[in-house]
$ cat model_31.cif   # mmCIF, C-alpha atoms
data_coords
loop_
_atom_site.label_atom_id
_atom_site.label_comp_id
_atom_site.auth_asym_id
_atom_site.auth_seq_id
_atom_site.Cartn_x
_atom_site.Cartn_y
_atom_site.Cartn_z
CA MET E 291 105.53 128.61 151.59
CA LYS E 292 107.48 130.06 154.45
CA LEU E 293 110.35 132.31 153.47
CA TRP E 294 112.99 130.33 155.31
CA PHE E 295 111.86 127.13 153.62
CA ARG E 296 111.80 128.81 150.19
CA LYS E 297 115.37 130.06 150.70
CA TYR E 298 116.47 126.61 151.81
CA LEU E 299 114.79 124.98 148.80
CA PHE E 300 116.31 127.40 146.30
CA SER E 301 119.74 127.08 147.91
CA SER E 302 119.56 123.30 147.73
CA VAL E 303 118.50 123.35 144.10
CA GLY E 304 121.27 125.79 143.28
CA LEU E 305 123.81 123.61 145.02
CA ILE E 306 122.62 120.55 143.09
CA ILE E 307 122.78 122.43 139.78
CA LEU E 308 126.26 123.77 140.60
CA SER E 309 127.48 120.30 141.59
CA PHE E 310 126.08 118.77 138.42
CA SER E 311 127.67 121.50 136.30
CA ILE E 312 131.09 120.92 137.88
CA TRP E 313 130.73 117.17 137.41
CA PHE E 314 129.57 117.58 133.82
CA PHE E 315 132.46 119.77 132.76
CA ILE E 316 135.22 117.86 134.57
CA PRO E 317 136.69 115.46 131.99
CA ALA E 318 136.31 111.75 132.69
CA GLU E 319 139.29 110.02 134.24
CA THR E 320 141.89 109.19 131.64
CA LEU E 321 143.68 105.91 132.13
CA ILE E 322 147.28 105.52 131.09
CA SER E 323 148.05 106.07 127.40
CA THR E 324 150.90 104.33 125.62
CA GLY E 325 152.49 105.14 122.30
CA GLU E 326 153.37 101.47 121.81
CA LYS E 327 151.19 99.12 119.79
CA TRP E 328 152.95 95.78 119.39
CA LYS E 329 151.18 93.59 116.85
CA GLY E 330 152.55 90.22 117.77
CA VAL E 331 152.34 86.47 117.54
CA CYS E 332 153.77 83.69 119.68
CA TRP E 333 156.44 82.25 117.42
CA VAL E 334 156.85 78.47 117.55
CA GLY E 335 160.47 77.33 117.67
CA SER E 336 161.05 75.10 114.64
CA ARG E 337 162.73 71.69 114.60
CA GLN E 338 165.14 72.76 111.88
CA PRO E 339 166.84 76.06 110.94
CA LEU E 340 164.77 78.63 109.08
CA GLN E 341 164.91 78.17 105.32
CA GLY E 342 164.12 81.74 104.35
CA GLY E 343 160.82 83.53 103.79
CA GLU E 344 159.26 82.55 107.12
CA ILE E 345 159.71 85.99 108.67
CA GLN E 346 158.50 87.77 105.55
CA ALA E 347 155.30 85.73 105.57
CA LEU E 348 154.61 87.09 109.04
CA VAL E 349 155.57 90.66 108.08
CA ASN E 350 153.00 90.46 105.28
CA THR E 351 150.27 90.29 107.93
CA GLY E 352 151.27 93.65 109.38
CA ALA E 353 152.77 92.07 112.50
CA ASN E 354 155.71 93.85 114.14
CA ALA E 355 156.47 91.64 117.16
CA ILE E 356 157.02 88.03 118.19
CA SER E 357 157.59 86.19 121.43
CA GLN E 358 160.08 83.31 121.54
CA THR E 359 159.62 80.51 124.08
CA PRO E 360 162.39 78.24 125.38
CA PHE E 361 161.41 75.74 128.07
CA GLY E 362 162.37 74.49 131.49
CA TRP E 363 160.86 71.26 132.81
CA GLN E 364 159.32 70.36 136.13
CA SER E 365 158.37 66.72 136.52
CA GLN E 366 155.70 67.24 139.18
CA LYS E 367 153.71 70.28 140.22
CA ASN E 368 154.42 69.76 143.94
CA THR E 369 158.18 69.14 143.82
CA PRO E 370 160.76 71.95 143.62
CA GLU E 371 163.19 70.52 141.06
CA ILE E 372 163.40 72.34 137.70
CA ARG E 373 165.52 71.14 134.77
CA TRP E 374 166.92 73.41 132.07
CA ASP E 375 170.09 73.83 130.10
CA VAL E 376 170.55 76.96 128.05
CA SER E 377 173.52 75.39 126.25
CA ASN E 378 171.68 72.18 125.33
CA GLU E 379 171.61 71.93 121.53
CA ARG E 380 169.68 68.65 121.45
CA ARG E 381 166.33 70.39 121.57
CA TRP E 382 164.32 71.78 118.70
CA TRP E 383 166.57 74.23 116.87
CA GLY E 384 164.26 77.18 117.38
CA GLU E 385 164.36 76.79 121.18
CA THR E 386 168.16 76.68 121.45
CA PRO E 387 170.28 79.81 121.95
CA VAL E 388 171.52 79.46 118.36
CA GLY E 389 167.98 79.25 117.02
CA ILE E 390 166.71 82.04 119.27
CA GLN E 391 169.51 84.32 118.09
CA ALA E 392 169.04 83.45 114.42
CA THR E 393 165.29 84.08 114.69
CA PHE E 394 165.92 87.34 116.51
CA ASP E 395 168.51 88.52 113.99
CA SER E 396 166.34 87.57 110.99
CA SER E 397 163.21 89.17 112.40
CA ALA E 398 164.94 92.33 113.66
CA THR E 399 166.13 93.11 110.14
CA LYS E 400 162.44 93.13 109.14
CA GLY E 401 161.49 95.52 111.96
CA ILE E 402 160.11 92.81 114.25
CA MET E 403 160.44 93.39 118.01
CA ASN E 404 161.27 90.26 120.05
CA MET E 405 160.19 89.27 123.55
CA LEU E 406 161.91 86.30 125.19
CA LYS E 407 159.24 84.40 127.12
CA PRO E 408 160.61 81.28 128.85
CA HIS E 409 157.98 78.79 130.03
CA LEU E 410 157.97 75.96 132.50
CA TRP E 411 156.48 72.68 131.31
CA VAL E 412 154.98 70.38 133.93
CA ARG E 413 154.82 66.74 132.87
CA GLU E 414 151.51 66.09 134.58
CA GLY E 415 149.48 69.21 135.13
CA TRP E 416 149.40 72.91 134.36
CA VAL E 417 152.00 75.41 135.53
CA GLY E 418 149.27 77.34 137.32
CA GLU E 419 149.01 74.39 139.70
CA ILE E 420 152.65 74.49 140.80
CA GLU E 421 152.54 74.71 144.57
CA MET E 422 154.87 73.50 147.28
CA GLY E 423 153.70 71.76 150.42
CA ASN E 424 156.10 73.39 152.88
CA GLU E 425 158.38 76.40 153.30
CA ALA E 426 161.57 74.42 152.74
CA ASP E 427 160.37 73.31 149.28
CA TRP E 428 159.16 76.82 148.44
CA LYS E 429 162.66 78.13 149.19
CA ILE E 430 164.23 75.52 146.91
CA TRP E 431 161.67 76.14 144.14
CA PHE E 432 162.22 79.89 144.10
CA ALA E 433 166.01 79.43 144.12
CA ASN E 434 165.71 77.08 141.15
CA TYR E 435 163.29 79.32 139.30
CA GLN E 436 165.48 82.37 139.86
CA ALA E 437 168.49 80.54 138.44
CA PHE E 438 166.39 79.43 135.45
CA ILE E 439 165.03 82.87 134.59
CA LEU E 440 168.39 84.60 135.21
CA ASP E 441 170.05 82.33 132.64
CA TYR E 442 167.53 83.49 130.04
CA ALA E 443 167.71 87.11 131.22
CA ARG E 444 171.46 87.01 130.54
CA LEU E 445 170.80 85.51 127.11
CA ALA E 446 168.27 88.26 126.35
CA GLU E 447 170.79 90.89 127.43
CA THR E 448 173.57 89.36 125.34
CA LEU E 449 171.32 89.42 122.28
CA ASN E 450 170.01 92.92 123.06
CA MET E 451 166.44 91.65 123.04
CA PRO E 452 164.17 94.55 123.96
CA MET E 453 161.67 92.63 126.10
CA LEU E 454 161.65 89.76 128.60
CA CYS E 455 158.80 87.95 130.35
CA VAL E 456 159.92 86.72 133.77
CA GLY E 457 157.18 84.13 134.30
CA THR E 458 154.04 82.69 132.76
CA GLU E 459 150.81 81.58 134.48
CA LEU E 460 152.54 80.65 137.74
CA GLU E 461 149.32 81.45 139.55
CA LYS E 462 149.91 79.71 142.87
CA THR E 463 153.44 81.10 143.16
CA SER E 464 152.69 84.72 142.26
CA GLN E 465 150.86 85.29 145.54
CA ARG E 466 154.25 85.12 147.24
CA GLU E 467 155.02 88.76 146.59
CA LYS E 468 158.30 88.98 148.49
CA GLU E 469 159.92 86.15 146.53
CA TRP E 470 158.78 87.54 143.17
CA ARG E 471 160.02 91.02 143.98
CA ALA E 472 163.41 89.50 144.79
CA ILE E 473 163.49 87.68 141.44
CA ILE E 474 162.54 90.83 139.55
CA ALA E 475 165.27 92.79 141.32
CA GLU E 476 167.85 90.16 140.35
CA VAL E 477 166.65 90.20 136.74
CA ARG E 478 167.06 93.98 136.66
CA LYS E 479 170.71 93.55 137.64
CA VAL E 480 171.53 91.52 134.53
CA TYR E 481 168.94 92.66 131.98
CA SER E 482 168.39 96.25 130.82
CA GLY E 483 165.31 95.87 128.61
CA LYS E 484 161.63 96.05 129.52
CA ILE E 485 160.10 93.25 131.54
CA THR E 486 156.67 91.86 132.28
CA TYR E 487 155.03 88.88 133.93
CA ALA E 488 152.35 86.90 132.04
CA ALA E 489 149.52 86.44 134.54
CA ASN E 490 146.67 84.11 133.73
CA PHE E 491 143.32 85.84 133.19
CA THR E 492 142.21 84.37 136.54
CA GLU E 493 145.34 85.69 138.27
CA PHE E 494 146.21 89.21 137.11
CA GLU E 495 143.94 91.02 139.58
CA LYS E 496 145.66 89.30 142.53
CA VAL E 497 149.26 90.09 141.53
CA LYS E 498 150.76 92.76 143.82
CA PHE E 499 154.11 93.39 142.15
CA TRP E 500 153.00 95.08 138.91
CA ASP E 501 154.69 98.29 140.08
CA ALA E 502 158.07 96.53 139.81
CA LEU E 503 157.49 95.73 136.12
CA ASP E 504 157.13 97.74 132.93
CA TYR E 505 153.84 96.20 131.80
CA ILE E 506 150.83 94.41 133.21
CA GLY E 507 150.97 91.14 131.27
CA ILE E 508 147.81 89.09 130.79
CA GLN E 509 147.24 85.67 129.28
CA ALA E 510 143.90 86.86 127.92
CA TYR E 511 141.93 83.63 127.52
CA PHE E 512 138.78 85.17 128.98
CA PRO E 513 135.62 83.13 128.36
CA LEU E 514 133.50 85.03 125.85
CA ALA E 515 130.45 82.80 125.32
CA LYS E 516 128.29 80.23 127.04
CA ASP E 517 127.47 78.24 123.92
CA HIS E 518 128.68 77.37 120.43
CA ASN E 519 128.54 79.77 117.47
CA PRO E 520 128.20 83.09 119.34
CA THR E 521 127.44 86.25 117.40
CA LEU E 522 129.93 89.10 117.09
CA GLN E 523 127.65 91.24 119.27
CA GLU E 524 127.73 88.62 122.04
CA LEU E 525 131.50 88.40 121.90
CA LYS E 526 131.96 92.15 122.02
CA ALA E 527 129.57 92.43 124.96
CA SER E 528 131.60 89.81 126.82
CA TRP E 529 134.78 91.78 126.22
CA GLU E 530 133.11 94.90 127.55
CA SER E 531 132.30 92.98 130.75
CA HIS E 532 135.97 91.98 131.24
CA LEU E 533 137.57 95.36 130.53
CA PRO E 534 136.57 97.08 133.83
CA GLY E 535 138.56 94.49 135.80
CA ILE E 536 141.64 95.22 133.70
CA GLU E 537 141.15 98.95 134.05
CA LYS E 538 140.86 98.67 137.82
CA VAL E 539 144.37 97.19 137.92
CA ILE E 540 145.66 99.85 135.52
CA ARG E 541 144.15 102.57 137.69
CA LYS E 542 146.05 101.22 140.71
CA TYR E 543 149.45 100.56 139.14
CA LYS E 544 149.57 103.08 136.26
CA LYS E 545 151.15 100.59 133.85
CA PRO E 546 150.24 99.78 130.23
CA VAL E 547 148.96 96.32 129.35
CA LEU E 548 150.34 93.59 127.13
CA PHE E 549 148.19 90.63 126.20
CA THR E 550 151.16 88.28 126.39
CA GLU E 551 148.94 85.56 124.90
CA ILE E 552 145.51 85.39 123.38
CA GLY E 553 144.13 82.80 121.01
CA TYR E 554 141.20 80.76 119.78
CA CYS E 555 140.85 77.38 118.11
CA ASN E 556 139.05 77.02 114.79
CA THR E 557 136.08 75.26 116.42
CA VAL E 558 132.47 76.15 117.20
CA ASP E 559 133.22 76.19 120.94
CA ALA E 560 136.32 78.42 120.67
CA ALA E 561 134.85 81.25 122.74
CA VAL E 562 133.47 79.12 125.59
CA GLU E 563 136.76 78.05 127.16
CA PRO E 564 139.48 79.49 124.89
CA TRP E 565 142.29 77.93 126.93
CA VAL E 566 141.31 74.32 126.19
CA TRP E 567 143.96 72.48 124.17
CA PRO E 568 143.16 71.35 120.60
CA ASN E 569 143.60 67.66 121.46
CA GLU E 570 140.61 68.02 123.78
CA ARG E 571 138.47 69.37 120.93
CA LYS E 572 138.84 66.52 118.44
CA GLU E 573 135.13 65.70 118.56
CA ILE E 574 134.09 69.34 118.14
CA GLN E 575 132.94 70.73 114.81
CA PHE E 576 135.45 72.97 113.04
CA SER E 577 134.59 76.61 112.42
CA GLU E 578 136.88 79.19 110.89
CA GLU E 579 134.01 81.63 111.22
CA VAL E 580 133.87 81.45 115.03
CA GLN E 581 137.65 81.76 115.32
CA ALA E 582 137.64 84.81 113.04
CA ARG E 583 134.71 86.31 114.95
CA CYS E 584 136.68 86.00 118.21
CA TYR E 585 139.59 87.85 116.63
CA GLU E 586 137.30 90.60 115.37
CA ALA E 587 135.63 91.01 118.77
CA PHE E 588 139.04 91.55 120.39
CA PHE E 589 140.09 94.10 117.79
CA GLU E 590 136.79 95.98 118.09
CA THR E 591 137.07 96.30 121.87
CA ALA E 592 140.28 95.78 123.88
CA TRP E 593 142.63 96.58 121.00
CA LYS E 594 141.23 100.11 120.74
CA LYS E 595 142.05 101.02 124.32
CA SER E 596 144.73 103.64 124.97
CA TRP E 597 146.35 101.42 127.60
CA MET E 598 146.85 98.50 125.20
CA ALA E 599 150.59 98.32 124.45
CA GLY E 600 150.41 95.12 122.42
CA VAL E 601 149.09 91.64 121.79
CA PHE E 602 150.66 88.26 121.02
CA PHE E 603 148.41 85.72 119.28
CA TRP E 604 148.94 82.06 120.14
CA LYS E 605 150.37 80.77 117.88
CA TRP E 606 152.37 81.09 114.64
CA TYR E 607 154.38 78.33 112.97
CA PRO E 608 157.43 79.06 110.80
CA GLU E 609 156.31 76.05 108.76
CA ARG E 610 152.70 75.20 107.96
CA HIS E 611 151.34 71.93 109.28
CA ASN E 612 148.15 69.93 108.89
CA ARG E 613 147.19 69.39 112.54
CA GLU E 614 143.57 70.34 113.11
CA PRO E 615 141.98 71.82 115.07
CA ASP E 616 144.59 74.32 116.22
CA PHE E 617 145.06 77.81 117.61
CA THR E 618 146.99 79.18 114.66
CA PRO E 619 145.19 81.67 112.41
CA GLN E 620 147.49 80.77 109.51
CA GLY E 621 145.66 80.12 106.25
CA LYS E 622 142.30 80.71 107.91
CA MET E 623 139.75 83.50 108.02
CA ALA E 624 141.28 84.66 111.32
CA GLU E 625 144.53 85.50 109.52
CA GLU E 626 142.62 87.84 107.22
CA VAL E 627 141.02 89.54 110.22
CA MET E 628 144.42 89.89 111.89
CA ARG E 629 145.96 91.28 108.70
CA ALA E 630 143.18 93.82 108.24
CA TYR E 631 143.54 95.26 111.74
CA PHE E 632 147.32 94.99 112.00
CA SER E 633 147.73 96.73 108.64
CA ALA E 634 145.21 99.47 109.46
CA ASP E 635 147.21 101.08 112.27
#

$ encode --input "model_31.cif" --output "structure tokens"
Amino acid sequence: MKLWFRKYLFSSVGLIILSFSIWFFIPAETLISTGEKWKGVCWVGSRQPLQGGEIQALVNTGANAISQTPFGWQSQKNTPEIRWDVSNERRWWGETPVGIQATFDSSATKGIMNMLKPHLWVREGWVGEIEMGNEADWKIWFANYQAFILDYARLAETLNMPMLCVGTELEKTSQREKEWRAIIAEVRKVYSGKITYAANFTEFEKVKFWDALDYIGIQAYFPLAKDHNPTLQELKASWESHLPGIEKVIRKYKKPVLFTEIGYCNTVDAAVEPWVWPNERKEIQFSEEVQARCYEAFFETAWKKSWMAGVFFWKWYPERHNREPDFTPQGKMAEEVMRAYFSAD
């Protein structure tokens, strides 16, 4: 071997070893860490005033947070008119300002944090399909939506609610960054608590205004299985495949994450398309086991992440009911799973 070649070879090997050593001893990138861990449910506004004991039943699960959801109505997904009336007392009691305040006051005394999470309800369609056909209608829609969310932001401020969600699953509107930044700025003028936006699991990676919010909010109905009755190992592996996408967004915006909604029906197909409504599953076999397995898979993966500031399970009724199938874990194996993990931390 020629001397010059030997020197070159040894130098190259040394450089490789040195580079590897530096890489090996540099700690892996640490994503954002949060001291918060909100253990929540999506509280269903009741028809009648609370009778007593409803909040304690939730506290017994280890939960420490709820979201409350009043509604605005949009008759068609392609028209800009939105109807709402914060003062309207002819709705279900739990969705009126009186009911929201009573629920907040009752739960706060038990150490429960509240997030106000107003939703739009579209008569025919899903809110993620709301889209205007021209700029004039977009301008009207955003003006209406801003007025709607500001009314509830003022209510949240009056009640000293610590958290507000400024929108939910408005997937075809959230790409209009300028308009959403304007809404968020107006909300900040009247509300002093923390705010988030609840992006659908198909939407959150496209949202560009996370830096203007306190949390990255995700409606975490990620598909976890391709078939009925998946194993826990399959469900956990699916979660592991979804987490890098979430962490990519965290890496860019340096914000903690809230799963503003997550939930599973008590059916054998619960993990295939978790977002499907119960009334579309009436012919599907019930399975508390699959629902509970989905809960456990979440707790064994995403819940353990340092960036996870909290979760809100869809959904929790103040009063038990007999409608089946349903998303609620109440009285099912999933409630026991939730209790075990909520009470462990």

$ resolve_selection --input "model_31.cif" --expression "the PyMOL selection byres ((chain E and resi 507) around 7)" --output "PDB file with C-alpha atoms, in the frame of the given file"
ATOM      1  CA  THR E 486     156.670  91.860 132.280  1.00  0.00           C
ATOM      2  CA  TYR E 487     155.030  88.880 133.930  1.00  0.00           C
ATOM      3  CA  ALA E 488     152.350  86.900 132.040  1.00  0.00           C
ATOM      4  CA  ALA E 489     149.520  86.440 134.540  1.00  0.00           C
ATOM      5  CA  TYR E 505     153.840  96.200 131.800  1.00  0.00           C
ATOM      6  CA  ILE E 506     150.830  94.410 133.210  1.00  0.00           C
ATOM      7  CA  ILE E 508     147.810  89.090 130.790  1.00  0.00           C
ATOM      8  CA  GLN E 509     147.240  85.670 129.280  1.00  0.00           C
ATOM      9  CA  VAL E 547     148.960  96.320 129.350  1.00  0.00           C
ATOM     10  CA  LEU E 548     150.340  93.590 127.130  1.00  0.00           C
ATOM     11  CA  PHE E 549     148.190  90.630 126.200  1.00  0.00           C
ATOM     12  CA  THR E 550     151.160  88.280 126.390  1.00  0.00           C
TER      13      THR E 550
END

$ resolve_selection --input "model_31.cif" --expression "the PyMOL selection byres ((chain E and resi 579) around 10)" --output "PyMOL selection string"
chain E and resi 519+556-558+576-578+580-585+622-624

$ resolve_selection --input "model_31.cif" --expression "the PyMOL selection byres ((chain E and resi 344) around 10)" --output "VMD selection string"
chain E and resid 340 to 343 345 to 349 393 396 to 397 607 to 610

$ axis_aligned_box --input "model_31.cif" --around "stretch 520-536 of chain E" --padding-each-side "6 Å" --output "lines of an AutoDock Vina configuration file"
center_x = 134.5
center_y = 90.1
center_z = 126.4
size_x = 26.2
size_y = 26.0
size_z = 30.7

$ atom_distance --input "model_31.cif" --atom1 "atom CA of E:Asp559" --atom2 "atom CA of E:Leu514"
10.1 Å

$ atom_distance --input "model_31.cif" --atom1 "atom CA of E:Trp597" --atom2 "atom CA of E:Ala630"
21.0 Å

$ atom_distance --input "model_31.cif" --atom1 "atom CA of E:Gly352" --atom2 "atom CA of E:Phe632"
4.9 Å

$ residues_around --input "model_31.cif" --residues "E:Tyr511" --least-positions-apart "5" --cutoff "9 Å" --atoms "all atoms listed in the file" --output "PyMOL selection string"
chain E and resi 490-491+551-554+561+563-565

$ residues_around --input "model_31.cif" --residues "E:Thr359" --least-positions-apart "6" --cutoff "10 Å" --atoms "all atoms listed in the file" --output "list in words"
Cys332, Trp333, Val334, Gly335, Gly384, Glu385, Thr386, Ile390, Met405, Leu406, Lys407, Pro408, His409, Leu410 and Cys455 of chain E

$ closest_residue --input "model_31.cif" --among "E:Ala592, E:Ile420, E:Leu533, E:Ala443" --to "E:Glu461" --atoms "all atoms listed in the file"
E:Ile420

$ residues_around --input "model_31.cif" --residues "E:Gly401" --least-positions-apart "6" --cutoff "10 Å" --atoms "only C-alpha atoms" --output "mmCIF file with C-alpha atoms, keeping the file's coordinate frame"
data_model
loop_
_atom_site.group_PDB
_atom_site.id
_atom_site.type_symbol
_atom_site.label_atom_id
_atom_site.label_comp_id
_atom_site.auth_asym_id
_atom_site.auth_seq_id
_atom_site.Cartn_x
_atom_site.Cartn_y
_atom_site.Cartn_z
ATOM 1 C CA VAL E 349 155.570 90.660 108.080
ATOM 2 C CA ALA E 353 152.770 92.070 112.500
ATOM 3 C CA ASN E 354 155.710 93.850 114.140
ATOM 4 C CA ALA E 355 156.470 91.640 117.160
#

$ residues_around --input "model_31.cif" --residues "E:Gly415" --least-positions-apart "4" --cutoff "9 Å" --atoms "all atoms listed in the file" --output "ChimeraX atom specification"
/E:366-367,411,419-420

$ closest_residue --input "model_31.cif" --among "E:Asn378, E:Glu447, E:Ser323, E:Ile356" --to "E:Phe603" --atoms "all atoms listed in the file"
E:Ile356

$ residues_around --input "model_31.cif" --residues "E:Lys468" --least-positions-apart "4" --cutoff "12 Å" --atoms "all atoms listed in the file" --output "PyMOL selection string"
chain E and resi 429+432+463-464+472-475+497-499+502

$ closest_residue --input "model_31.cif" --among "E:Met422, E:Ala587, E:Met403, E:Ala392" --to "E:Lys526" --atoms "all atoms listed in the file"
E:Ala587

$ closest_residue --input "model_31.cif" --among "E:Asn434, E:Glu537, E:Phe361, E:Lys462" --to "E:Asp375" --atoms "only C-alpha atoms"
E:Phe361

$ closest_residue --input "model_31.cif" --among "E:Ala527, E:Tyr543, E:Val562, E:Phe617" --to "E:Phe512" --atoms "all atoms listed in the file"
E:Val562
